[in-house]
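Okay, structure first, notes after.
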There are 2 protein chains.
Amino acid sequence: MYIESLEKLINSFRKLPGVGYKTAQRYAYSILNSSKENAKEFADNIINAKENIKFCAECGNFSETEICDNCLKKNKDIICVVKEPKDVVAMEKVKSFDGVFHVLHGTISPLENRGPNDIRIKELLQRVQKYNTKEVIMATNPDVEGDATAMYISRLLEPLNVKVTRLAQGVSMGSELEFADEITLTRALESRIKI
Amino acid sequence: MYIESLEKLINSFRKLPGVGYKTAQRYAYSILNSSKENAKEFADNIINAKENIKFCAECGNFSETEICDNCLKKNKDIICVVKEPKDVVAMEKVKSFDGVFHVLHGTISPLENRGPNDIRIKELLQRVQKYNTKEVIMATNPDVEGDATAMYISRLLEPLNVKVTRLAQGVSMGSELEFADEITLTRALESRIKI
């Protein structure tokens, strides 16, 4: 059977990350089996999200307003720098952090041809000066690119008289030493604390 | 961060089968990162699929027309009975089959309170009489409900002077005997063929 509108819907689902033909087909069938209202709502939610959500002019996170709630209300003494909007969601789980975020929208990556001017570093420097920020926490991913980007930015921040910190690296809670990699163990050992 | 249109989009994705919060979030972000045209197309495809696709009045499969292409063109001497539209897709892979399908839209299931009148059995009997069909192949799933439904329907077809067959049950191609279950092996042994 070849049904044009079904194939088109399956193809749309296939564009989602990690979705192959079988899964896309399952999703498409579930739409056909759901109510007309549900399908309409789904379509509306896609359009609305795409139309209403922009990037906050300050922190670069998703926002429905010019400046997001976080940037309007929170303390700007501490700025936590992350790679992507989803990292903000992760960091927000830490209840004790009460500062604002800064989303870089990428890390410096010569391999992918992305230099310092392609990510939001200039905006970070401006914010630090504008709000006389006391501390910048580099919370980029603990990988080569994340480390290099954090290092690069910390050099630029040096003349601005701001404390620059980096998330501690070590063994994760609940993990097993047996399966920890060498670099993680090395860093955990180097940063060991007195108990 | 709480962004209403983002949460609504995530909730829509969560209604898809097997999608949890994390996956829905990933899908939503991919929509936000895609072009406006792509998002619009996705939304349109949902609406169009839901509006254009009905069930074929003959076979019960998805169709954009009153009677589907299969039912218009194919030989009605053999009808292959399946549980759901996706089973039609599976059976169509068998190039040697050239008959039409009949989608029951479920199997008889006392547990789920679904009796013979809740699935398309009456329509099957009508088709067999109308087209003077020679053979009905029961291709419901090889499980308790599928077997019971096939058995039930074959009794109803008896007086209509039509040959009723069932897909053979045995070990799957490429599988390992070691992991085959007892019932499968029993049936494979019972239906053994001379080589």
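Chain labels A, B, ... are given in the sequence in which chains occur in the structure tokens; within each chain residues are numbered consecutively from 1, and ligands are likewise numbered from 1 in the order shown.
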
Using only C-alpha atoms, select each residue of chain B with any atom at most 6 Å away from an atom of chain A, and give the selection as a compact mmCIF listing (two decimals) with N, CA and C atoms, in the first residue's frame.
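Everything below was put into selection08.txt:
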```txt
# COMPACT_ATOMS: atom_id res chain seq x y z
N SER B 5 5.03 27.16 25.75
CA SER B 5 4.86 26.50 24.45
C SER B 5 5.83 25.34 24.27
N LEU B 6 6.97 25.40 24.96
CA LEU B 6 7.91 24.27 24.90
C LEU B 6 7.34 23.07 25.67
N LEU B 9 4.64 21.38 23.71
CA LEU B 9 5.17 20.58 22.60
C LEU B 9 5.74 19.26 23.15
N SER B 12 2.98 16.91 23.87
CA SER B 12 2.44 16.28 22.66
C SER B 12 3.31 15.10 22.24
N LEU B 16 3.16 10.02 22.09
CA LEU B 16 3.53 9.00 21.11
C LEU B 16 3.93 7.73 21.85
N TYR B 27 13.15 15.58 21.08
CA TYR B 27 12.38 15.82 19.85
C TYR B 27 11.99 17.30 19.77
N LEU B 32 12.78 23.00 17.55
CA LEU B 32 13.20 24.39 17.75
C LEU B 32 14.46 24.70 16.96
N PHE B 42 5.92 19.76 9.07
CA PHE B 42 5.61 18.71 10.03
C PHE B 42 4.15 18.85 10.49
N ALA B 43 3.80 20.07 10.90
CA ALA B 43 2.44 20.33 11.39
C ALA B 43 1.42 20.04 10.30
N ASN B 45 1.73 18.01 7.76
CA ASN B 45 1.65 16.58 7.49
C ASN B 45 0.78 15.85 8.51
N ALA B 49 -2.55 14.10 7.11
CA ALA B 49 -2.68 12.66 7.28
C ALA B 49 -3.99 12.35 8.00
N LYS B 50 -4.24 13.09 9.08
CA LYS B 50 -5.45 12.83 9.87
C LYS B 50 -6.71 13.13 9.07
```

Practice task
Pick out each residue of stretch 8-130 of chain B that DSSP on the backbone tags as helix (DSSP H, G or I); I need them as a count of residues only.
Solution key: 65

Practice task
Could you give me the residues within stretch 43-140 of chain A that DSSP places in strand (DSSP E or B), as JSON, numbers by chain?
Solution key: {"A": [54, 55, 62, 63, 78, 79, 80, 81, 82, 100, 101, 102, 103, 109, 114, 135, 136, 137, 138]}

Handout entry: stretch 103-119 of chain A surroundings by only C-alpha atoms, 10 Å radius, close-in-sequence under 3 positions cut, as number ranges by chain
Key = A: 55-56, 58-62, 80-88, 122-124, 140-141, 144-150, 152-153

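Atom CA of B:Ala168 is found 21.8 Å from atom CA of B:Lys76.
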
Practice task
Could you check how far atom CA of B:Ser96 sits from atom CA of B:Met173, in Å to one decimal?
Solution key: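 That distance, rounded to one decimal, is 17.7 Å.
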
Problem - Atom-to-atom span, atom CA of A:Ala57 and atom CA of B:Arg14, Å - result: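 Calculated distance between atom CA of A:Ala57 and atom CA of B:Arg14 is 29.6 Å.
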
Problem - Surrounding residues of stretch 158-162 of chain B excluding itself and chain neighbours under 2 positions, 6 Å, only C-alpha atoms, as a PyMOL selection string - result: chain B and resi 134-135+155-156

Exercise for the section: Kindly indicate which residue among A:Leu177, A:Ile137, A:Lys130, A:Gly170 lies nearest to A:His102, using only C-alpha atoms for the distances. Expected result: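 Of the candidates, the smallest distance to A:His102 is held by A:Ile137.
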